[in-house]
Amino acid sequence: MDAITLLREDHKMLRKLLEEFAETTERAVETRKKMLKRIETELAAHTAIEEELFYPALIAATDDIEDKRMVAEGIEEHRACDKKVIPDLHKSDPSSIEYSGQAKVLKDYIFHHLKEEEEDMFPKMRELVSRKELQELGEKMLARKKELLGEMA
Ligand SMILES: [Fe+2]
Ligand SMILES: [Fe+2]
């Protein structure tokens, strides 16, 4: 599978999980806990294959400073999610209104990030990297993703 198709499929799955999570209510305490765990696992694996393999491949393929800034922004968005948005949810009570607000913020935050990757980064990557390379990169990313999910299980 090519690298971009793999990431797009991940995005689709993440969007679905995040929508569902944002729609849960204060009564769904157990569901919220379970869903947050799943989202964290999927996000961690997805972010890792981007930062370990996909982003470096884009950096290696470009001379344009704008592309480098785009990658730097992506990394910062991953980090902000990891260090702020998700930790906030862990500090809140899943039966609270605050948690409901934070679940929506998580969804909106990640939706924004996915959209930027899909609209700016992926077309750039298609332009710069050959089909064959994207295919090989995708295979590496898929193998790494499986390995990571195995370690996290
Ligand atoms: Fe990302
Ligand atoms: Fe992504």
# chains A, B, ... in the order shown; residues from 1 in each chain; ligands from 1
call {"tool": "residues_around", "arguments": {"residues": "Leu106 of chain A", "least_positions_apart": "6", "cutoff": "8 Å", "atoms": "only C-alpha atoms", "output": "list in words"}}
result
Leu18, Cys81, Val85 and Ile86 of chain A
call {"tool": "write_last_selection", "arguments": {"atoms": "C-alpha atoms", "output": "compact mmCIF listing (two decimals), in the first residue's frame"}}
result
# COMPACT_ATOMS: atom_id res chain seq x y z
CA LEU A 18 -12.98 11.07 17.52
CA CYS A 81 -1.85 17.03 21.49
CA VAL A 85 -4.92 18.15 24.93
CA ILE A 86 -4.75 14.50 25.99
call {"tool": "closest_atom_pairs", "arguments": {"of": "segment 29-75 of chain A", "to": "segment 131-153 of chain A", "cutoff": "7 Å", "atoms": "only C-alpha atoms", "output": "Markdown table"}}
result
| residue | atom | partner | partner_atom | distance |
| --- | --- | --- | --- | --- |
| A:Ala45 | CA | A:Lys145 | CA | 5.8 |
| A:Ile49 | CA | A:Met141 | CA | 5.7 |
| A:Leu53 | CA | A:Met141 | CA | 6.7 |
call {"tool": "residues_near_ligand", "arguments": {"ligand": "ligand 2", "cutoff": "12 Å", "atoms": "only C-alpha atoms and all ligand atoms", "output": "PyMOL selection string"}}
result
chain A and resi 3-15+42-51+53-55+71+74-75+77-78+110-122
call {"tool": "select_by_dssp", "arguments": {"residues": "segment 42-114 of chain A", "states": "alpha helix (DSSP H)", "output": "mmCIF file with N, CA and C atoms, in the first residue's frame"}}
result
data_model
loop_
_atom_site.group_PDB
_atom_site.id
_atom_site.type_symbol
_atom_site.label_atom_id
_atom_site.label_comp_id
_atom_site.auth_asym_id
_atom_site.auth_seq_id
_atom_site.Cartn_x
_atom_site.Cartn_y
_atom_site.Cartn_z
ATOM 1 N N GLU A 42 -4.080 4.400 18.915
ATOM 2 C CA GLU A 42 -4.085 4.610 17.461
ATOM 3 C C GLU A 42 -3.301 5.869 17.087
ATOM 4 N N LEU A 43 -3.481 6.918 17.881
ATOM 5 C CA LEU A 43 -2.763 8.168 17.609
ATOM 6 C C LEU A 43 -1.264 7.987 17.777
ATOM 7 N N ALA A 44 -0.870 7.272 18.808
ATOM 8 C CA ALA A 44 0.559 7.075 19.067
ATOM 9 C C ALA A 44 1.210 6.336 17.890
ATOM 10 N N ALA A 45 0.557 5.295 17.393
ATOM 11 C CA ALA A 45 1.128 4.524 16.282
ATOM 12 C C ALA A 45 1.163 5.377 15.011
ATOM 13 N N HIS A 46 0.081 6.104 14.773
ATOM 14 C CA HIS A 46 0.001 6.937 13.569
ATOM 15 C C HIS A 46 1.064 8.047 13.584
ATOM 16 N N THR A 47 1.153 8.727 14.699
ATOM 17 C CA THR A 47 2.115 9.811 14.846
ATOM 18 C C THR A 47 3.543 9.288 14.701
ATOM 19 N N ALA A 48 3.795 8.116 15.266
ATOM 20 C CA ALA A 48 5.146 7.549 15.208
ATOM 21 C C ALA A 48 5.551 7.241 13.770
ATOM 22 N N ILE A 49 4.654 6.638 12.990
ATOM 23 C CA ILE A 49 5.071 6.326 11.605
ATOM 24 C C ILE A 49 5.233 7.606 10.776
ATOM 25 N N TYR A 55 7.491 11.981 7.542
ATOM 26 C CA TYR A 55 8.011 13.353 7.576
ATOM 27 C C TYR A 55 9.484 13.406 7.127
ATOM 28 N N PRO A 56 10.331 12.499 7.623
ATOM 29 C CA PRO A 56 11.725 12.540 7.154
ATOM 30 C C PRO A 56 11.848 12.317 5.645
ATOM 31 N N ALA A 57 10.954 11.511 5.065
ATOM 32 C CA ALA A 57 11.010 11.289 3.616
ATOM 33 C C ALA A 57 10.662 12.578 2.878
ATOM 34 N N LEU A 58 9.731 13.340 3.413
ATOM 35 C CA LEU A 58 9.380 14.624 2.785
ATOM 36 C C LEU A 58 10.548 15.609 2.916
ATOM 37 N N ILE A 59 11.114 15.663 4.092
ATOM 38 C CA ILE A 59 12.276 16.544 4.313
ATOM 39 C C ILE A 59 13.412 16.191 3.344
ATOM 40 N N ALA A 60 13.640 14.889 3.164
ATOM 41 C CA ALA A 60 14.736 14.462 2.296
ATOM 42 C C ALA A 60 14.456 14.795 0.836
ATOM 43 N N ALA A 61 13.174 14.888 0.470
ATOM 44 C CA ALA A 61 12.827 15.082 -0.936
ATOM 45 C C ALA A 61 12.742 16.550 -1.344
ATOM 46 N N ILE A 65 12.035 25.639 1.890
ATOM 47 C CA ILE A 65 11.932 25.963 3.318
ATOM 48 C C ILE A 65 10.474 25.896 3.800
ATOM 49 N N GLU A 66 9.543 26.235 2.902
ATOM 50 C CA GLU A 66 8.115 26.169 3.272
ATOM 51 C C GLU A 66 7.706 24.747 3.631
ATOM 52 N N ASP A 67 8.247 23.764 2.907
ATOM 53 C CA ASP A 67 7.927 22.362 3.202
ATOM 54 C C ASP A 67 8.504 21.972 4.562
ATOM 55 N N LYS A 68 9.678 22.485 4.845
ATOM 56 C CA LYS A 68 10.308 22.184 6.137
ATOM 57 C C LYS A 68 9.508 22.794 7.275
ATOM 58 N N ARG A 69 8.981 23.994 7.040
ATOM 59 C CA ARG A 69 8.128 24.635 8.058
ATOM 60 C C ARG A 69 6.856 23.834 8.269
ATOM 61 N N MET A 70 6.321 23.322 7.164
ATOM 62 C CA MET A 70 5.083 22.534 7.240
ATOM 63 C C MET A 70 5.301 21.280 8.109
ATOM 64 N N VAL A 71 6.451 20.641 7.931
ATOM 65 C CA VAL A 71 6.768 19.461 8.741
ATOM 66 C C VAL A 71 6.956 19.857 10.211
ATOM 67 N N ALA A 72 7.646 20.976 10.432
ATOM 68 C CA ALA A 72 7.858 21.442 11.809
ATOM 69 C C ALA A 72 6.523 21.720 12.495
ATOM 70 N N GLU A 73 5.588 22.297 11.753
ATOM 71 C CA GLU A 73 4.258 22.574 12.312
ATOM 72 C C GLU A 73 3.548 21.267 12.666
ATOM 73 N N GLY A 74 3.650 20.298 11.777
ATOM 74 C CA GLY A 74 3.029 18.993 12.033
ATOM 75 C C GLY A 74 3.553 18.378 13.319
ATOM 76 N N ILE A 75 4.861 18.429 13.494
ATOM 77 C CA ILE A 75 5.480 17.849 14.699
ATOM 78 C C ILE A 75 5.004 18.598 15.951
ATOM 79 N N GLU A 76 4.925 19.913 15.864
ATOM 80 C CA GLU A 76 4.454 20.697 17.017
ATOM 81 C C GLU A 76 3.005 20.377 17.353
ATOM 82 N N GLU A 77 2.203 20.156 16.327
ATOM 83 C CA GLU A 77 0.799 19.809 16.584
ATOM 84 C C GLU A 77 0.692 18.444 17.256
ATOM 85 N N HIS A 78 1.520 17.508 16.826
ATOM 86 C CA HIS A 78 1.532 16.197 17.499
ATOM 87 C C HIS A 78 1.885 16.382 18.975
ATOM 88 N N ARG A 79 2.897 17.209 19.200
ATOM 89 C CA ARG A 79 3.410 17.386 20.552
ATOM 90 C C ARG A 79 2.382 18.081 21.455
ATOM 91 N N ALA A 80 1.710 19.092 20.904
ATOM 92 C CA ALA A 80 0.715 19.811 21.700
ATOM 93 C C ALA A 80 -0.431 18.883 22.098
ATOM 94 N N ILE A 86 -4.460 15.806 25.385
ATOM 95 C CA ILE A 86 -4.746 14.496 25.988
ATOM 96 C C ILE A 86 -4.525 14.494 27.507
ATOM 97 N N PRO A 87 -3.423 15.056 28.013
ATOM 98 C CA PRO A 87 -3.272 15.126 29.470
ATOM 99 C C PRO A 87 -4.437 15.842 30.168
ATOM 100 N N ASP A 88 -4.997 16.879 29.547
ATOM 101 C CA ASP A 88 -6.160 17.562 30.139
ATOM 102 C C ASP A 88 -7.316 16.593 30.355
ATOM 103 N N LEU A 89 -7.531 15.720 29.390
ATOM 104 C CA LEU A 89 -8.619 14.742 29.527
ATOM 105 C C LEU A 89 -8.350 13.797 30.700
ATOM 106 N N HIS A 90 -7.083 13.440 30.890
ATOM 107 C CA HIS A 90 -6.750 12.539 31.992
ATOM 108 C C HIS A 90 -6.917 13.200 33.351
ATOM 109 N N LYS A 91 -6.821 14.519 33.364
ATOM 110 C CA LYS A 91 -6.975 15.236 34.633
ATOM 111 C C LYS A 91 -8.444 15.451 34.980
ATOM 112 N N ILE A 97 -18.820 17.957 32.817
ATOM 113 C CA ILE A 97 -19.054 18.800 31.638
ATOM 114 C C ILE A 97 -17.713 19.250 31.032
ATOM 115 N N GLU A 98 -16.725 19.475 31.905
ATOM 116 C CA GLU A 98 -15.393 19.874 31.417
ATOM 117 C C GLU A 98 -14.858 18.817 30.446
ATOM 118 N N TYR A 99 -15.024 17.563 30.843
ATOM 119 C CA TYR A 99 -14.548 16.461 30.004
ATOM 120 C C TYR A 99 -15.235 16.501 28.639
ATOM 121 N N SER A 100 -16.531 16.777 28.656
ATOM 122 C CA SER A 100 -17.271 16.866 27.387
ATOM 123 C C SER A 100 -16.657 17.942 26.493
ATOM 124 N N GLY A 101 -16.333 19.092 27.104
ATOM 125 C CA GLY A 101 -15.702 20.178 26.351
ATOM 126 C C GLY A 101 -14.349 19.752 25.811
ATOM 127 N N GLN A 102 -13.581 19.071 26.637
ATOM 128 C CA GLN A 102 -12.241 18.656 26.215
ATOM 129 C C GLN A 102 -12.288 17.598 25.120
ATOM 130 N N ALA A 103 -13.294 16.733 25.172
ATOM 131 C CA ALA A 103 -13.437 15.706 24.125
ATOM 132 C C ALA A 103 -13.711 16.383 22.782
ATOM 133 N N LYS A 104 -14.496 17.455 22.805
ATOM 134 C CA LYS A 104 -14.769 18.200 21.565
ATOM 135 C C LYS A 104 -13.513 18.923 21.083
ATOM 136 N N VAL A 105 -12.757 19.469 22.026
ATOM 137 C CA VAL A 105 -11.513 20.150 21.653
ATOM 138 C C VAL A 105 -10.540 19.150 21.013
ATOM 139 N N LEU A 106 -10.441 17.969 21.577
ATOM 140 C CA LEU A 106 -9.566 16.935 21.003
ATOM 141 C C LEU A 106 -9.979 16.647 19.561
ATOM 142 N N LYS A 107 -11.267 16.463 19.365
ATOM 143 C CA LYS A 107 -11.760 16.178 18.012
ATOM 144 C C LYS A 107 -11.430 17.327 17.060
ATOM 145 N N ASP A 108 -11.790 18.533 17.445
ATOM 146 C CA ASP A 108 -11.566 19.686 16.552
ATOM 147 C C ASP A 108 -10.080 19.885 16.272
ATOM 148 N N TYR A 109 -9.282 19.706 17.297
ATOM 149 C CA TYR A 109 -7.841 19.900 17.163
ATOM 150 C C TYR A 109 -7.250 18.907 16.159
ATOM 151 N N ILE A 110 -7.600 17.654 16.328
ATOM 152 C CA ILE A 110 -7.031 16.645 15.428
ATOM 153 C C ILE A 110 -7.631 16.756 14.028
ATOM 154 N N PHE A 111 -8.904 17.062 13.924
ATOM 155 C CA PHE A 111 -9.504 17.245 12.600
ATOM 156 C C PHE A 111 -8.733 18.314 11.804
ATOM 157 N N HIS A 112 -8.411 19.388 12.482
ATOM 158 C CA HIS A 112 -7.653 20.473 11.842
ATOM 159 C C HIS A 112 -6.295 19.949 11.337
ATOM 160 N N HIS A 113 -5.638 19.189 12.175
ATOM 161 C CA HIS A 113 -4.320 18.644 11.820
ATOM 162 C C HIS A 113 -4.410 17.689 10.616
ATOM 163 N N LEU A 114 -5.394 16.830 10.634
ATOM 164 C CA LEU A 114 -5.547 15.853 9.547
ATOM 165 C C LEU A 114 -5.826 16.565 8.226
#
call {"tool": "atom_distance", "arguments": {"atom1": "atom CA of Lys33 of chain A", "atom2": "atom CA of Ser92 of chain A"}}
result
11.2 Å
